[in-house]
Amino acid sequence: MTASSAASADRHAAYNKPRLFLVSVLALFTAGMAASLRADIASDLQRIFFDPIDKAHSGGMIGAVLGVPFLGFAFTIAIGSPLLDAIGMAFMLPLSGVCFIAGTLIILFAGSLAGPSGVYTVLWAGALITGIGWGLVETVINPLTATLYPTEKTAKLNALHAWWPGGLIAGGLLGYFLGTAAVGWQIKLALILLPAALVVILCMGVKFPPTERAASGISMGDMFKELLKPLFLVLFCAMFLTAASELAPGQWVDLALTRTVHMQGILLLVYVSGIMFVARHFAGPLVHRLSPVGLLWCSCALASLGLVALSFADSPVLGILAATIWGCGVCFMWPTMLATASERFPRGGALLMGLMG
């Protein structure tokens with residue numbers, strides 16, 4: 001054991017690392033489950049709430065509701081990351097569970113909270129609050145994992161982010177089977193409340209460590225200076241494309257692919273999520289063989305090819321083939337980008353990891 005790793009172990013001896021990693025996994029699982037169930041009930045929300053208001057523009061309205069969680073996600077990370085040490089992980093992570101609960105309840109009772117003219121605003125607000133909860137999750141769990149496992153960042157961040165597709169799988173399968181049993185959209189969406197409440201409960205009484213940057217005594221000023229490094233700017237710009245390649249298609253896969261490949265699009269999302277869930281647990285050995293940048297290069301090539309193939313797929317067989325290529329491409333991109341930024345710019349702390357998100 002090196003001197004630095006021994007010092008790290010001593011610094012974290014007072015913290016319950018398995019419990020902290022478990023609650024991080026559960027929080028990300030909740031975010032993935034929520035995203036999957038939102039995609040599953042999108043057609044129900046469009047039919048029940050938006051078609052009676054303006055059928056010609058109802059597609060755009062449901063698209064805005066599906067998209068606004070990303071807005072809440074992005075702004076929360078951008079604002080919360082530099083303030084993470086000041087506000088504290090112990091406050092922000094359970095707050096994510098509260099936001100998931102509040103946003104879900106607003107969507108569930110949108111019809112009672114507003115009339116036809118105001119229901120769009122209520123649904124939009126509920127989705128935004130859910131996105132804020134998702135942003136709080138990413139704001140905390142990435143620097144927390146990097147802090148707890150400083151010598152295993154790429155492997156641990158990939159293992160952690162395996163539970164985003166894990167949540168997508170759970171939400172997709174629950175949505176599909178409950179749909180075949182003619183269960184209403186409200187019950188499907190209400191399932192989010194269970195893991196969200198568990199996140200809040202598991203955070204109670206747990207001691208959270210300071211971030212790696214704060215524990216090393218690096219000042220806020222020095223942290224912000226890392227933003228000017230040319231390589232970070234390249235990674236930062238590339239992360240926009242990473243998010244667009246993985247997250248955006250996942251929200252539209254049920255609405256779009258169901259009509260083009262003639263099978264339930266949500267099942268393709270579950271299938272791709274299964275690939276991601278399994279593969280991310282093997283990121284450590286792949287990184288040792290290819291290096292983080294080499295792994296990212298291969299991932300980008302496959303993701304690009306898969307997205308092009310999905311745009312041409314017009315049968316179940318072609319849909320599965322294209323989804324396989326896409327899934328193999330995107331599975332390592334997000335956590336490896338985060339780990340690369342943390343490993344190359346440790347002085348940037350939660351700010352750089354947050355901006356990458």
# chains A, B, ... in the order shown; residues from 1 in each chain; ligands from 1
call {"tool": "residues_around", "arguments": {"residues": "Leu144 in chain A", "least_positions_apart": "3", "cutoff": "9 Å", "atoms": "only C-alpha atoms", "output": "MDAnalysis selection string"}}
result
chainID A and resid 20:21 24 89 139:141 147:149 208:212 350
call {"tool": "closest_residue", "arguments": {"among": "A:Gly32, A:Gly126, A:Gly205, A:Gly306", "to": "Val65 in chain A", "atoms": "only C-alpha atoms"}}
result
A:Gly126
call {"tool": "residues_around", "arguments": {"residues": "range 280-291 of chain A", "least_positions_apart": "6", "cutoff": "7 Å", "atoms": "only C-alpha atoms", "output": "list in words"}}
result
Thr154, Ala155, Asn158, Ala159, Ala162, Cys331 and Phe332 of chain A
call {"tool": "write_last_selection", "arguments": {"atoms": "C-alpha atoms", "output": "mmCIF file, in the first residue's frame"}}
result
data_model
loop_
_atom_site.group_PDB
_atom_site.id
_atom_site.type_symbol
_atom_site.label_atom_id
_atom_site.label_comp_id
_atom_site.auth_asym_id
_atom_site.auth_seq_id
_atom_site.Cartn_x
_atom_site.Cartn_y
_atom_site.Cartn_z
ATOM 1 C CA THR A 154 -13.043 4.568 -13.030
ATOM 2 C CA ALA A 155 -14.048 1.101 -11.823
ATOM 3 C CA ASN A 158 -18.776 2.619 -13.649
ATOM 4 C CA ALA A 159 -20.098 0.179 -11.020
ATOM 5 C CA ALA A 162 -24.536 0.581 -13.622
ATOM 6 C CA CYS A 331 -22.539 1.975 -21.660
ATOM 7 C CA PHE A 332 -19.098 3.261 -20.585
#
call {"tool": "residues_around", "arguments": {"residues": "range 110-124 of chain A", "least_positions_apart": "4", "cutoff": "10 Å", "atoms": "only C-alpha atoms", "output": "ChimeraX atom specification"}}
result
/A:45,48-50,52-53,61-62,64-69,103-106,128-130
call {"tool": "write_last_selection", "arguments": {"atoms": "all heavy atoms", "output": "compact mmCIF listing (two decimals), in the first residue's frame"}}
result
# COMPACT_ATOMS: atom_id res chain seq x y z
N LEU A 45 -50.09 10.53 -20.62
CA LEU A 45 -50.21 11.95 -20.29
C LEU A 45 -50.64 12.76 -21.51
O LEU A 45 -51.47 13.67 -21.40
CB LEU A 45 -48.86 12.47 -19.76
CG LEU A 45 -48.35 11.87 -18.46
CD1 LEU A 45 -47.01 12.48 -18.08
CD2 LEU A 45 -49.35 12.05 -17.33
N ILE A 48 -54.45 11.90 -22.20
CA ILE A 48 -55.42 12.32 -21.18
C ILE A 48 -55.44 13.84 -21.00
O ILE A 48 -56.50 14.45 -20.87
CB ILE A 48 -55.10 11.63 -19.83
CG1 ILE A 48 -55.30 10.12 -19.96
CG2 ILE A 48 -55.97 12.19 -18.71
CD1 ILE A 48 -54.77 9.33 -18.78
N PHE A 49 -54.27 14.46 -20.99
CA PHE A 49 -54.19 15.88 -20.62
C PHE A 49 -54.01 16.82 -21.82
O PHE A 49 -54.58 17.91 -21.83
CB PHE A 49 -53.04 16.10 -19.64
CG PHE A 49 -53.24 15.44 -18.31
CD1 PHE A 49 -52.42 14.39 -17.91
CD2 PHE A 49 -54.26 15.84 -17.46
CE1 PHE A 49 -52.60 13.78 -16.68
CE2 PHE A 49 -54.46 15.23 -16.23
CZ PHE A 49 -53.64 14.20 -15.84
N PHE A 50 -53.21 16.43 -22.81
CA PHE A 50 -52.83 17.38 -23.84
C PHE A 50 -53.67 17.28 -25.11
O PHE A 50 -53.96 18.30 -25.75
CB PHE A 50 -51.35 17.22 -24.19
CG PHE A 50 -50.44 17.50 -23.04
CD1 PHE A 50 -49.22 16.84 -22.91
CD2 PHE A 50 -50.78 18.41 -22.04
CE1 PHE A 50 -48.38 17.09 -21.85
CE2 PHE A 50 -49.95 18.66 -20.97
CZ PHE A 50 -48.75 18.00 -20.87
N PRO A 52 -56.89 16.68 -25.42
CA PRO A 52 -58.14 17.47 -25.32
C PRO A 52 -57.91 18.98 -25.38
O PRO A 52 -58.81 19.73 -25.75
CB PRO A 52 -58.69 17.06 -23.94
CG PRO A 52 -58.09 15.74 -23.66
CD PRO A 52 -56.72 15.81 -24.25
N ILE A 53 -56.71 19.44 -25.01
CA ILE A 53 -56.42 20.87 -25.02
C ILE A 53 -56.08 21.34 -26.42
O ILE A 53 -56.65 22.31 -26.94
CB ILE A 53 -55.26 21.20 -24.07
CG1 ILE A 53 -55.60 20.80 -22.63
CG2 ILE A 53 -54.90 22.68 -24.13
CD1 ILE A 53 -54.43 20.91 -21.68
N MET A 61 -46.04 19.42 -26.51
CA MET A 61 -46.26 19.63 -25.09
C MET A 61 -45.68 18.48 -24.26
O MET A 61 -45.01 18.70 -23.25
CB MET A 61 -47.75 19.81 -24.82
CG MET A 61 -48.34 21.06 -25.48
SD MET A 61 -50.14 21.09 -25.47
CE MET A 61 -50.47 21.57 -23.79
N ILE A 62 -45.92 17.24 -24.70
CA ILE A 62 -45.38 16.11 -23.95
C ILE A 62 -43.86 16.07 -24.11
O ILE A 62 -43.13 15.69 -23.18
CB ILE A 62 -46.02 14.77 -24.38
CG1 ILE A 62 -45.62 13.65 -23.42
CG2 ILE A 62 -45.64 14.40 -25.80
CD1 ILE A 62 -46.04 13.86 -22.00
N ALA A 64 -41.94 18.68 -24.22
CA ALA A 64 -41.42 19.67 -23.26
C ALA A 64 -41.42 19.10 -21.84
O ALA A 64 -40.48 19.31 -21.07
CB ALA A 64 -42.25 20.94 -23.32
N VAL A 65 -42.47 18.37 -21.48
CA VAL A 65 -42.55 17.76 -20.15
C VAL A 65 -41.47 16.70 -19.98
O VAL A 65 -40.85 16.59 -18.91
CB VAL A 65 -43.95 17.18 -19.91
CG1 VAL A 65 -43.99 16.34 -18.63
CG2 VAL A 65 -44.99 18.29 -19.82
N LEU A 66 -41.21 15.92 -21.04
CA LEU A 66 -40.16 14.91 -20.96
C LEU A 66 -38.77 15.55 -20.91
O LEU A 66 -37.84 14.99 -20.35
CB LEU A 66 -40.24 13.97 -22.16
CG LEU A 66 -41.40 12.98 -22.20
CD1 LEU A 66 -41.39 12.20 -23.51
CD2 LEU A 66 -41.35 12.03 -21.02
N GLY A 67 -38.63 16.72 -21.51
CA GLY A 67 -37.32 17.36 -21.59
C GLY A 67 -36.95 18.20 -20.40
O GLY A 67 -35.76 18.36 -20.09
N VAL A 68 -37.94 18.74 -19.68
CA VAL A 68 -37.63 19.67 -18.59
C VAL A 68 -36.87 19.04 -17.42
O VAL A 68 -36.12 19.74 -16.74
CB VAL A 68 -38.93 20.37 -18.10
CG1 VAL A 68 -39.79 19.44 -17.28
CG2 VAL A 68 -38.58 21.62 -17.29
N PRO A 69 -36.98 17.73 -17.15
CA PRO A 69 -36.11 17.18 -16.10
C PRO A 69 -34.62 17.39 -16.39
O PRO A 69 -33.83 17.57 -15.46
CB PRO A 69 -36.47 15.68 -16.10
CG PRO A 69 -37.89 15.64 -16.54
CD PRO A 69 -37.99 16.72 -17.58
N GLY A 103 -42.09 15.88 -6.72
CA GLY A 103 -42.36 15.98 -8.15
C GLY A 103 -43.31 14.91 -8.64
O GLY A 103 -44.20 15.17 -9.45
N THR A 104 -43.15 13.69 -8.13
CA THR A 104 -44.04 12.59 -8.52
C THR A 104 -45.46 12.85 -8.05
O THR A 104 -46.43 12.63 -8.80
CB THR A 104 -43.52 11.27 -7.93
OG1 THR A 104 -42.20 11.00 -8.43
CG2 THR A 104 -44.44 10.11 -8.29
N LEU A 105 -45.63 13.34 -6.82
CA LEU A 105 -46.98 13.62 -6.31
C LEU A 105 -47.66 14.72 -7.11
O LEU A 105 -48.88 14.68 -7.36
CB LEU A 105 -46.90 14.00 -4.83
CG LEU A 105 -46.54 12.87 -3.86
CD1 LEU A 105 -46.37 13.42 -2.44
CD2 LEU A 105 -47.62 11.77 -3.88
N ILE A 106 -46.90 15.74 -7.53
CA ILE A 106 -47.48 16.82 -8.34
C ILE A 106 -48.01 16.27 -9.67
O ILE A 106 -49.11 16.62 -10.11
CB ILE A 106 -46.44 17.92 -8.57
CG1 ILE A 106 -46.19 18.67 -7.26
CG2 ILE A 106 -46.90 18.90 -9.65
CD1 ILE A 106 -45.04 19.66 -7.33
N LEU A 128 -40.03 19.19 -13.56
CA LEU A 128 -38.85 20.01 -13.22
C LEU A 128 -38.32 19.66 -11.82
O LEU A 128 -37.10 19.51 -11.63
CB LEU A 128 -39.22 21.49 -13.28
CG LEU A 128 -38.11 22.47 -12.88
CD1 LEU A 128 -36.95 22.40 -13.87
CD2 LEU A 128 -38.65 23.90 -12.79
N ILE A 129 -39.22 19.53 -10.86
CA ILE A 129 -38.79 19.18 -9.50
C ILE A 129 -38.14 17.80 -9.47
O ILE A 129 -37.14 17.57 -8.77
CB ILE A 129 -39.99 19.26 -8.54
CG1 ILE A 129 -40.47 20.70 -8.42
CG2 ILE A 129 -39.63 18.70 -7.16
CD1 ILE A 129 -41.76 20.88 -7.67
N THR A 130 -38.69 16.87 -10.26
CA THR A 130 -38.06 15.56 -10.37
C THR A 130 -36.66 15.68 -10.94
O THR A 130 -35.72 15.01 -10.49
CB THR A 130 -38.92 14.64 -11.26
OG1 THR A 130 -40.23 14.52 -10.69
CG2 THR A 130 -38.31 13.25 -11.35
call {"tool": "closest_residue", "arguments": {"among": "A:Val272, A:Ala127, A:Ile325, A:Ala301", "to": "Leu37 in chain A", "atoms": "only C-alpha atoms"}}
result
A:Ala127
call {"tool": "residues_around", "arguments": {"residues": "Asp222 in chain A", "least_positions_apart": "3", "cutoff": "8 Å", "atoms": "only C-alpha atoms", "output": "list in words"}}
result
Ile218, Ser219, Lys225, Glu226, Arg347 and Gly348 of chain A
call {"tool": "closest_residue", "arguments": {"among": "A:Val270, A:Cys203, A:Leu318, A:Leu173", "to": "Leu95 in chain A", "atoms": "only C-alpha atoms"}}
result
A:Cys203
call {"tool": "atom_distance", "arguments": {"atom1": "CA of Leu310 in chain A", "atom2": "CA of Gly329 in chain A"}}
result
12.9 Å
call {"tool": "residues_around", "arguments": {"residues": "Ala309 in chain A", "least_positions_apart": "4", "cutoff": "8 Å", "atoms": "only C-alpha atoms", "output": "list in words"}}
result
Leu305, Ala313 and Ala322 of chain A
